[in-house]
Structure formats: C-alpha cells, structure tokens
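S.K.: Dropping in target14.txt, with compact mmCIF, N, CA and C atoms.
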```
# COMPACT_ATOMS: atom_id res chain seq x y z
N MET A 1 0.25 47.21 -30.75
CA MET A 1 1.45 47.48 -30.00
C MET A 1 1.98 46.17 -29.43
N GLU A 2 3.27 45.96 -29.60
CA GLU A 2 3.90 44.72 -29.17
C GLU A 2 4.29 44.81 -27.71
N ALA A 3 4.05 43.74 -26.97
CA ALA A 3 4.42 43.71 -25.55
C ALA A 3 5.93 43.68 -25.41
N GLU A 4 6.43 44.37 -24.40
CA GLU A 4 7.88 44.42 -24.17
C GLU A 4 8.32 43.11 -23.55
N ARG A 5 9.37 42.55 -24.10
CA ARG A 5 9.90 41.30 -23.58
C ARG A 5 10.80 41.58 -22.38
N PRO A 6 10.76 40.70 -21.40
CA PRO A 6 11.65 40.90 -20.26
C PRO A 6 13.10 40.75 -20.68
N LYS A 7 13.95 41.58 -20.10
CA LYS A 7 15.37 41.52 -20.41
C LYS A 7 15.98 40.36 -19.63
N SER A 8 16.78 39.56 -20.33
CA SER A 8 17.43 38.46 -19.63
C SER A 8 18.82 38.90 -19.21
N ALA A 9 19.22 38.40 -18.07
CA ALA A 9 20.56 38.71 -17.56
C ALA A 9 21.33 37.41 -17.41
N ASN A 10 22.62 37.51 -17.48
CA ASN A 10 23.44 36.32 -17.29
C ASN A 10 23.34 35.82 -15.86
N ILE A 11 23.25 36.75 -14.93
CA ILE A 11 23.18 36.40 -13.52
C ILE A 11 22.01 37.15 -12.91
N SER A 12 21.11 36.44 -12.28
CA SER A 12 19.98 37.11 -11.66
C SER A 12 20.45 37.84 -10.40
N GLU A 13 19.59 38.71 -9.90
CA GLU A 13 19.97 39.50 -8.73
C GLU A 13 20.23 38.63 -7.51
N CYS A 14 19.55 37.48 -7.40
CA CYS A 14 19.73 36.65 -6.22
C CYS A 14 20.90 35.67 -6.38
N GLU A 15 21.42 35.53 -7.57
CA GLU A 15 22.57 34.66 -7.79
C GLU A 15 23.83 35.49 -7.84
N GLU A 16 24.93 34.85 -7.59
CA GLU A 16 26.20 35.53 -7.74
C GLU A 16 27.08 34.72 -8.68
N GLU A 17 28.01 35.40 -9.27
CA GLU A 17 28.94 34.72 -10.17
C GLU A 17 29.87 33.83 -9.35
N ILE A 18 30.02 32.60 -9.76
CA ILE A 18 30.94 31.69 -9.10
C ILE A 18 32.25 31.74 -9.87
N LYS A 19 33.27 32.24 -9.21
CA LYS A 19 34.55 32.46 -9.87
C LYS A 19 35.41 31.21 -9.82
N ASN A 20 36.24 31.07 -10.85
CA ASN A 20 37.14 29.93 -10.95
C ASN A 20 38.33 30.33 -11.80
N ILE A 21 39.32 29.48 -11.83
CA ILE A 21 40.48 29.69 -12.69
C ILE A 21 40.55 28.55 -13.69
N ASP A 22 41.43 28.67 -14.66
CA ASP A 22 41.70 27.56 -15.57
C ASP A 22 42.77 26.69 -14.91
N TRP A 23 42.35 25.54 -14.44
CA TRP A 23 43.27 24.65 -13.74
C TRP A 23 44.21 23.98 -14.73
N ILE A 24 45.39 23.69 -14.28
CA ILE A 24 46.46 23.11 -15.09
C ILE A 24 46.07 21.71 -15.58
N SER A 25 46.63 21.31 -16.70
CA SER A 25 46.35 19.97 -17.20
C SER A 25 47.09 18.94 -16.35
N CYS A 26 46.59 17.73 -16.36
CA CYS A 26 47.20 16.65 -15.56
C CYS A 26 48.66 16.44 -15.94
N LYS A 27 48.97 16.50 -17.24
CA LYS A 27 50.34 16.23 -17.68
C LYS A 27 51.31 17.32 -17.27
N ASP A 28 50.83 18.54 -17.04
CA ASP A 28 51.70 19.66 -16.67
C ASP A 28 51.77 19.89 -15.17
N PHE A 29 51.07 19.09 -14.39
CA PHE A 29 50.99 19.32 -12.95
C PHE A 29 52.32 19.03 -12.27
N THR A 30 52.69 19.91 -11.33
CA THR A 30 53.77 19.69 -10.38
C THR A 30 53.26 20.17 -9.02
N ILE A 31 53.92 19.78 -7.97
CA ILE A 31 53.51 20.22 -6.62
C ILE A 31 53.57 21.74 -6.53
N GLU A 32 54.61 22.34 -7.10
CA GLU A 32 54.76 23.80 -7.07
C GLU A 32 53.66 24.47 -7.89
N ALA A 33 53.34 23.92 -9.05
CA ALA A 33 52.27 24.49 -9.88
C ALA A 33 50.93 24.39 -9.15
N GLY A 34 50.73 23.31 -8.42
CA GLY A 34 49.50 23.16 -7.64
C GLY A 34 49.37 24.27 -6.61
N GLU A 35 50.47 24.57 -5.92
CA GLU A 35 50.44 25.65 -4.93
C GLU A 35 50.17 26.99 -5.59
N GLN A 36 50.80 27.25 -6.73
CA GLN A 36 50.57 28.51 -7.45
C GLN A 36 49.12 28.64 -7.87
N GLN A 37 48.54 27.54 -8.33
CA GLN A 37 47.14 27.58 -8.77
C GLN A 37 46.20 27.80 -7.58
N ILE A 38 46.50 27.21 -6.45
CA ILE A 38 45.68 27.43 -5.26
C ILE A 38 45.73 28.91 -4.88
N ARG A 39 46.92 29.52 -4.90
CA ARG A 39 47.05 30.97 -4.61
C ARG A 39 46.22 31.79 -5.61
N GLN A 40 46.31 31.43 -6.87
CA GLN A 40 45.56 32.14 -7.92
C GLN A 40 44.06 32.02 -7.66
N TYR A 41 43.61 30.84 -7.27
CA TYR A 41 42.20 30.63 -6.98
C TYR A 41 41.77 31.41 -5.74
N ILE A 42 42.58 31.38 -4.68
CA ILE A 42 42.25 32.10 -3.44
C ILE A 42 42.16 33.60 -3.71
N ASN A 43 42.97 34.10 -4.62
CA ASN A 43 42.92 35.54 -4.94
C ASN A 43 41.57 35.97 -5.52
N LEU A 44 40.78 35.02 -5.98
CA LEU A 44 39.43 35.33 -6.49
C LEU A 44 38.40 35.44 -5.36
N TRP A 45 38.73 34.92 -4.19
CA TRP A 45 37.78 34.92 -3.07
C TRP A 45 37.55 36.34 -2.60
N GLU A 46 36.32 36.62 -2.25
CA GLU A 46 35.96 37.94 -1.74
C GLU A 46 36.11 37.94 -0.23
N ILE A 47 37.30 38.32 0.20
CA ILE A 47 37.61 38.40 1.63
C ILE A 47 37.46 39.86 2.04
N LYS A 48 36.56 40.12 2.96
CA LYS A 48 36.25 41.51 3.35
C LYS A 48 37.17 42.02 4.47
N HIS A 49 37.47 41.16 5.45
CA HIS A 49 38.31 41.59 6.56
C HIS A 49 39.75 41.75 6.05
N PRO A 50 40.34 42.93 6.23
CA PRO A 50 41.66 43.19 5.65
C PRO A 50 42.81 42.50 6.38
N GLY A 51 42.56 41.95 7.57
CA GLY A 51 43.65 41.38 8.36
C GLY A 51 43.99 39.93 8.10
N TRP A 52 43.21 39.26 7.25
CA TRP A 52 43.46 37.84 7.01
C TRP A 52 44.82 37.64 6.35
N LEU A 53 45.57 36.67 6.86
CA LEU A 53 46.80 36.21 6.23
C LEU A 53 46.72 34.69 6.11
N TYR A 54 47.42 34.14 5.13
CA TYR A 54 47.41 32.69 4.99
C TYR A 54 48.77 32.18 4.54
N SER A 55 48.99 30.92 4.79
CA SER A 55 50.17 30.23 4.27
C SER A 55 49.70 28.91 3.69
N ILE A 56 50.44 28.44 2.70
CA ILE A 56 50.09 27.17 2.04
C ILE A 56 51.21 26.18 2.30
N GLN A 57 50.81 24.97 2.66
CA GLN A 57 51.78 23.91 2.89
C GLN A 57 51.33 22.66 2.14
N PHE A 58 52.26 22.07 1.37
CA PHE A 58 51.98 20.78 0.76
C PHE A 58 52.10 19.73 1.83
N LEU A 59 51.07 18.88 1.98
CA LEU A 59 51.06 17.88 3.04
C LEU A 59 51.56 16.51 2.57
N HIS A 60 50.93 15.96 1.54
CA HIS A 60 51.37 14.66 1.07
C HIS A 60 50.73 14.29 -0.27
N GLU A 61 51.29 13.23 -0.82
CA GLU A 61 50.82 12.66 -2.09
C GLU A 61 50.31 11.26 -1.76
N GLN A 62 49.19 10.89 -2.40
CA GLN A 62 48.63 9.57 -2.13
C GLN A 62 48.30 8.89 -3.45
N GLU A 63 48.77 7.66 -3.60
CA GLU A 63 48.51 6.85 -4.79
C GLU A 63 47.24 6.04 -4.57
N LEU A 64 46.27 6.22 -5.45
CA LEU A 64 45.05 5.41 -5.42
C LEU A 64 44.97 4.62 -6.71
N GLU A 65 43.99 3.75 -6.83
CA GLU A 65 43.92 2.87 -7.99
C GLU A 65 43.80 3.63 -9.31
N PHE A 66 42.91 4.62 -9.37
CA PHE A 66 42.65 5.31 -10.63
C PHE A 66 43.10 6.76 -10.64
N LYS A 67 43.73 7.20 -9.56
CA LYS A 67 44.16 8.60 -9.50
C LYS A 67 45.25 8.77 -8.46
N LYS A 68 45.90 9.90 -8.55
CA LYS A 68 46.90 10.31 -7.58
C LYS A 68 46.38 11.58 -6.94
N GLN A 69 46.45 11.68 -5.61
CA GLN A 69 45.96 12.86 -4.91
C GLN A 69 47.11 13.61 -4.27
N TYR A 70 47.01 14.94 -4.33
CA TYR A 70 47.98 15.83 -3.71
C TYR A 70 47.21 16.71 -2.75
N GLN A 71 47.60 16.68 -1.46
CA GLN A 71 46.86 17.43 -0.46
C GLN A 71 47.69 18.61 0.05
N TYR A 72 47.02 19.77 0.13
CA TYR A 72 47.62 21.00 0.62
C TYR A 72 46.77 21.54 1.76
N ARG A 73 47.43 22.24 2.70
CA ARG A 73 46.70 22.93 3.76
C ARG A 73 46.95 24.42 3.62
N VAL A 74 45.86 25.19 3.61
CA VAL A 74 45.95 26.65 3.61
C VAL A 74 45.50 27.08 5.00
N LYS A 75 46.46 27.59 5.78
CA LYS A 75 46.18 27.97 7.16
C LYS A 75 45.94 29.48 7.21
N TRP A 76 44.78 29.87 7.75
CA TRP A 76 44.34 31.26 7.82
C TRP A 76 44.35 31.77 9.26
N SER A 77 44.68 33.04 9.42
CA SER A 77 44.59 33.68 10.73
C SER A 77 44.46 35.19 10.54
N ILE A 78 44.15 35.85 11.65
CA ILE A 78 44.06 37.32 11.65
C ILE A 78 44.98 37.84 12.76
N PRO A 79 46.28 37.92 12.47
CA PRO A 79 47.18 38.48 13.48
C PRO A 79 46.97 39.99 13.59
N THR A 80 47.25 40.53 14.77
CA THR A 80 47.14 41.97 14.99
C THR A 80 48.42 42.45 15.67
N GLN A 81 48.57 43.76 15.80
CA GLN A 81 49.75 44.30 16.49
C GLN A 81 49.77 43.86 17.94
N THR A 82 48.62 43.81 18.57
CA THR A 82 48.57 43.42 19.98
C THR A 82 48.61 41.90 20.16
N ALA A 83 48.25 41.17 19.13
CA ALA A 83 48.30 39.69 19.19
C ALA A 83 48.89 39.16 17.88
N PRO A 84 50.22 39.31 17.70
CA PRO A 84 50.83 38.86 16.45
C PRO A 84 50.77 37.35 16.26
N ILE A 85 50.65 36.63 17.38
CA ILE A 85 50.44 35.18 17.30
C ILE A 85 48.98 34.96 17.65
N PRO A 86 48.16 34.64 16.64
CA PRO A 86 46.71 34.54 16.89
C PRO A 86 46.37 33.37 17.81
N ARG A 87 45.25 33.52 18.50
CA ARG A 87 44.77 32.46 19.40
C ARG A 87 44.38 31.21 18.63
N ALA A 88 43.90 31.39 17.42
CA ALA A 88 43.41 30.25 16.64
C ALA A 88 43.66 30.48 15.16
N THR A 89 43.67 29.39 14.43
CA THR A 89 43.78 29.43 12.97
C THR A 89 42.64 28.61 12.39
N ALA A 90 42.38 28.83 11.12
CA ALA A 90 41.37 28.04 10.40
C ALA A 90 42.06 27.47 9.17
N SER A 91 41.85 26.20 8.92
CA SER A 91 42.50 25.55 7.78
C SER A 91 41.51 25.19 6.70
N VAL A 92 41.97 25.35 5.45
CA VAL A 92 41.22 24.90 4.28
C VAL A 92 42.12 23.87 3.60
N TYR A 93 41.59 22.67 3.37
CA TYR A 93 42.36 21.60 2.77
C TYR A 93 41.98 21.46 1.30
N PHE A 94 42.97 21.56 0.43
CA PHE A 94 42.77 21.39 -1.00
C PHE A 94 43.29 20.03 -1.42
N ILE A 95 42.52 19.33 -2.22
CA ILE A 95 42.93 18.05 -2.79
C ILE A 95 42.92 18.20 -4.30
N ILE A 96 44.08 17.99 -4.90
CA ILE A 96 44.20 18.04 -6.36
C ILE A 96 44.40 16.60 -6.82
N GLU A 97 43.56 16.18 -7.78
CA GLU A 97 43.61 14.79 -8.24
C GLU A 97 44.04 14.72 -9.70
N ILE A 98 44.94 13.78 -9.94
CA ILE A 98 45.43 13.50 -11.30
C ILE A 98 44.88 12.14 -11.68
N SER A 99 44.05 12.10 -12.69
CA SER A 99 43.43 10.85 -13.12
C SER A 99 44.45 9.98 -13.85
N ARG A 100 44.35 8.67 -13.63
CA ARG A 100 45.19 7.70 -14.35
C ARG A 100 44.44 7.14 -15.57
N ILE A 101 43.13 7.45 -15.66
CA ILE A 101 42.35 6.86 -16.75
C ILE A 101 41.85 7.89 -17.77
N LYS A 102 41.73 9.15 -17.37
CA LYS A 102 41.29 10.19 -18.30
C LYS A 102 42.49 10.68 -19.10
N PRO A 103 42.26 11.29 -20.26
CA PRO A 103 43.38 11.84 -21.02
C PRO A 103 44.16 12.86 -20.18
N ASP A 104 45.48 12.82 -20.26
CA ASP A 104 46.30 13.70 -19.42
C ASP A 104 46.29 15.16 -19.88
N THR A 105 45.57 15.44 -20.96
CA THR A 105 45.43 16.83 -21.42
C THR A 105 44.27 17.52 -20.70
N LEU A 106 43.44 16.76 -19.99
CA LEU A 106 42.33 17.35 -19.23
C LEU A 106 42.86 18.02 -17.97
N PRO A 107 42.12 19.01 -17.46
CA PRO A 107 42.57 19.66 -16.23
C PRO A 107 42.48 18.74 -15.01
N VAL A 108 43.27 19.06 -14.00
CA VAL A 108 43.22 18.33 -12.74
C VAL A 108 41.84 18.52 -12.11
N ASP A 109 41.45 17.58 -11.28
CA ASP A 109 40.22 17.72 -10.49
C ASP A 109 40.62 18.30 -9.14
N VAL A 110 39.84 19.28 -8.67
CA VAL A 110 40.16 19.96 -7.42
C VAL A 110 38.92 20.05 -6.55
N HIS A 111 39.10 19.84 -5.27
CA HIS A 111 38.05 20.15 -4.31
C HIS A 111 38.73 20.61 -3.01
N PHE A 112 37.93 21.25 -2.17
CA PHE A 112 38.49 21.71 -0.90
C PHE A 112 37.47 21.52 0.21
N LEU A 113 38.01 21.41 1.43
CA LEU A 113 37.21 21.20 2.62
C LEU A 113 37.63 22.22 3.66
N ILE A 114 36.67 22.73 4.39
CA ILE A 114 36.95 23.65 5.48
C ILE A 114 37.12 22.82 6.75
N GLU A 115 38.11 23.15 7.53
CA GLU A 115 38.36 22.46 8.80
C GLU A 115 37.06 22.33 9.59
N SER A 116 36.85 21.17 10.15
CA SER A 116 35.69 20.84 10.99
C SER A 116 34.37 20.84 10.22
N ASN A 117 34.43 20.78 8.92
CA ASN A 117 33.21 20.74 8.10
C ASN A 117 33.38 19.62 7.08
N ARG A 118 32.38 18.82 6.90
CA ARG A 118 32.48 17.68 5.99
C ARG A 118 32.09 18.00 4.55
N SER A 119 31.58 19.19 4.31
CA SER A 119 31.14 19.54 2.96
C SER A 119 32.32 19.64 2.00
N LYS A 120 32.15 19.01 0.86
CA LYS A 120 33.17 19.04 -0.18
C LYS A 120 32.82 20.17 -1.16
N HIS A 121 33.74 21.11 -1.35
CA HIS A 121 33.51 22.25 -2.22
C HIS A 121 34.34 22.11 -3.49
N ILE A 122 33.73 22.42 -4.62
CA ILE A 122 34.41 22.28 -5.91
C ILE A 122 34.53 23.66 -6.55
N PRO A 123 35.77 24.09 -6.86
CA PRO A 123 35.93 25.38 -7.54
C PRO A 123 35.08 25.44 -8.80
N GLY A 124 34.42 26.56 -9.00
CA GLY A 124 33.54 26.73 -10.16
C GLY A 124 32.11 26.33 -9.87
N ARG A 125 31.90 25.58 -8.78
CA ARG A 125 30.55 25.19 -8.38
C ARG A 125 30.15 25.77 -7.03
N THR A 126 31.15 26.15 -6.23
CA THR A 126 30.92 26.67 -4.89
C THR A 126 31.51 28.06 -4.78
N SER A 127 30.79 28.97 -4.18
CA SER A 127 31.34 30.29 -3.85
C SER A 127 31.87 30.24 -2.44
N PHE A 128 33.13 30.58 -2.28
CA PHE A 128 33.74 30.58 -0.96
C PHE A 128 33.07 31.63 -0.08
N ARG A 129 32.91 31.33 1.20
CA ARG A 129 32.32 32.25 2.17
C ARG A 129 33.33 32.52 3.27
N GLU A 130 33.68 33.77 3.46
CA GLU A 130 34.59 34.16 4.52
C GLU A 130 34.03 33.73 5.88
N LYS A 131 32.72 33.68 6.00
CA LYS A 131 32.05 33.27 7.24
C LYS A 131 32.51 31.88 7.69
N TRP A 132 32.84 31.00 6.75
CA TRP A 132 33.30 29.66 7.12
C TRP A 132 34.57 29.75 7.96
N LEU A 133 35.49 30.63 7.57
CA LEU A 133 36.73 30.80 8.34
C LEU A 133 36.43 31.41 9.70
N MET A 134 35.58 32.44 9.70
CA MET A 134 35.22 33.10 10.96
C MET A 134 34.55 32.12 11.93
N ASP A 135 33.69 31.25 11.42
CA ASP A 135 33.02 30.26 12.26
C ASP A 135 34.03 29.34 12.94
N VAL A 136 35.05 28.91 12.20
CA VAL A 136 36.08 28.04 12.78
C VAL A 136 36.81 28.78 13.90
N LEU A 137 37.21 30.03 13.64
CA LEU A 137 37.91 30.81 14.67
C LEU A 137 37.03 31.02 15.91
N GLU A 138 35.77 31.36 15.69
CA GLU A 138 34.86 31.59 16.81
C GLU A 138 34.63 30.32 17.63
N ASN A 139 34.48 29.19 16.94
CA ASN A 139 34.27 27.92 17.65
C ASN A 139 35.50 27.55 18.47
N LYS A 140 36.68 27.79 17.93
CA LYS A 140 37.91 27.50 18.67
C LYS A 140 38.04 28.43 19.88
N ALA A 141 37.69 29.70 19.70
CA ALA A 141 37.75 30.65 20.82
C ALA A 141 36.79 30.22 21.93
N LEU A 142 35.59 29.80 21.57
CA LEU A 142 34.62 29.33 22.57
C LEU A 142 35.16 28.10 23.30
N LEU A 143 35.77 27.19 22.58
CA LEU A 143 36.34 26.00 23.19
C LEU A 143 37.49 26.36 24.13
N MET A 144 38.36 27.26 23.69
CA MET A 144 39.50 27.68 24.53
C MET A 144 39.01 28.33 25.83
N ASP A 145 37.90 29.05 25.77
CA ASP A 145 37.37 29.71 26.96
C ASP A 145 36.86 28.71 28.00
N THR A 146 36.56 27.48 27.57
CA THR A 146 36.06 26.47 28.50
C THR A 146 37.18 25.67 29.16
N ILE A 147 38.41 25.85 28.68
CA ILE A 147 39.55 25.07 29.19
C ILE A 147 40.33 25.90 30.20
N ASP A 148 40.58 25.34 31.36
CA ASP A 148 41.40 25.99 32.38
C ASP A 148 42.82 25.43 32.28
N PHE A 149 43.78 26.31 32.13
CA PHE A 149 45.18 25.87 32.05
C PHE A 149 45.85 26.00 33.38
```
Translate this file's structure into structure tokens.

M.R.:
Amino acid sequence: MEAERPKSANISECEEEIKNIDWISCKDFTIEAGEQQIRQYINLWEIKHPGWLYSIQFLHEQELEFKKQYQYRVKWSIPTQTAPIPRATASVYFIIEISRIKPDTLPVDVHFLIESNRSKHIPGRTSFREKWLMDVLENKALLMDTIDF
C-alpha cells in the first residue's frame, strides 16, 4: 500500500495572499494614471470598518539622477453624522518612480509609507493592515487629549 502524499496548497493556512495590480509601464505613466492606479490598488485592501473615506492628492514631482519620483498623499478618516469633520486623519504616502536607466516598457516602481512610520511597503510584497491607520488615529487622539487649548 502506497503512503498518501500530503496535498500542497498555493497558500498555507498561516500565510495570506498578497494582492497587487499590474502597474503601468514607465512610458505610459502620467500623474492622472498614477492616481487611478493608486485607487485601483487601494480597492484591493481589506478594510473592515465601513466608515473609512479617503482622498488622494498629488504632492510633487522630484528629479533624481537615475529616476523621477512622483509623490501622492492618500488621506484617510472616519467621519460620522455626529462628527462630520473628524478629529484626526491618517496619511499614506505613495511614491511612484520612473527609471531613467531601465527600459521604459517596464512597470513603474511603487512603494508607500504610513504616516509616522518609517517602514517602506512595496505593493505585491506587503499586505496592507487597516490597524496601521487606526494606530495613527489613536495616537493622534491621545496626543490631542494631552493638549489644553
């Protein structure tokens, strides 16, 4: 009798699928396309709290020796009927890089940073955590409680 082989799975129970999109090629990039792609990528995030809203703002373009960087800010908040202007917001900064040395048919390089956190996250390698946004809001609320106006 032959021993049963273990079944292999693409994703183990302790791992989760890291979602990503097909990022635009360097030659096809525009500031507007970058914003659309960020929205498309954010739509893959598993956000559990139904009240989150966000807006995207293009901040600036920076010329470097071997690449051009485009920076966007995605500002998140949870407005409510009783507090339509939230006490605090949390920002996620996206940097889209266009290489000057790689073939322009390759996709743009993208990474993002959470406000007040130095960790660099790369789409396709990092799973976004809603907790990161909540931590920023909670830390700001704690700070606001210590300030007397």

S.K.: Check stretch 19-51 of chain A with DSSP on the backbone and list each residue it calls helix (DSSP H, G or I), as a PyMOL selection string.

M.R.: chain A and resi 26-28+31-42

S.K.: Extract the full set of strand (DSSP E or B) residues from chain A according to DSSP on the backbone, and format it as a PyMOL selection string.

M.R.: chain A and resi 25+53-63+67-77+90-99+107+109-114+121+123+126

S.K.: Counting only N, CA and C atoms, figure out which residue out of A:Arg100, A:Lys19, A:Lys68, A:Lys120 gets nearest to A:Leu44.

M.R.: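 Between A:Arg100, A:Lys19, A:Lys68, A:Lys120, the residue approaching A:Leu44 most closely is A:Lys19.
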
S.K.: Skip A:Ile18 itself and residues of its chain fewer than 2 positions away, then list as a count of residues only all residues within 8 Å of it, counting only N, CA and C atoms.

M.R.: 10

S.K.: In terms of the shortest atom-to-atom distance over all atoms listed in the file, which of A:Ile24, A:Val74, A:Ile114, A:Ala88 is closest to A:Leu137?

M.R.: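 Using all atoms listed in the file, A:Leu137 sits closest to A:Ala88.
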
S.K.: Quote the spacing between atom C of A:Ile147 and atom C of A:Arg87 in Å to one decimal place.

M.R.: 13.4 Å

S.K.: If you measure from atom CA of A:Asp28 to atom CA of A:His121, what distance in Å do you get, rounded to one decimal?

M.R.: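 A separation of 23.4 Å between them.
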
S.K.: Can you work out the spacing between atom N of A:Asp135 and atom CA of A:Phe112 in Å, to one decimal?

M.R.: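 Between these atoms lies a distance of 16.3 Å.
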
S.K.: So which one's closest to A:Asn117, A:Gln71, A:Ser99, A:Asn139, A:Gln36? Using only C-alpha atoms, please.

M.R.: A:Asn139
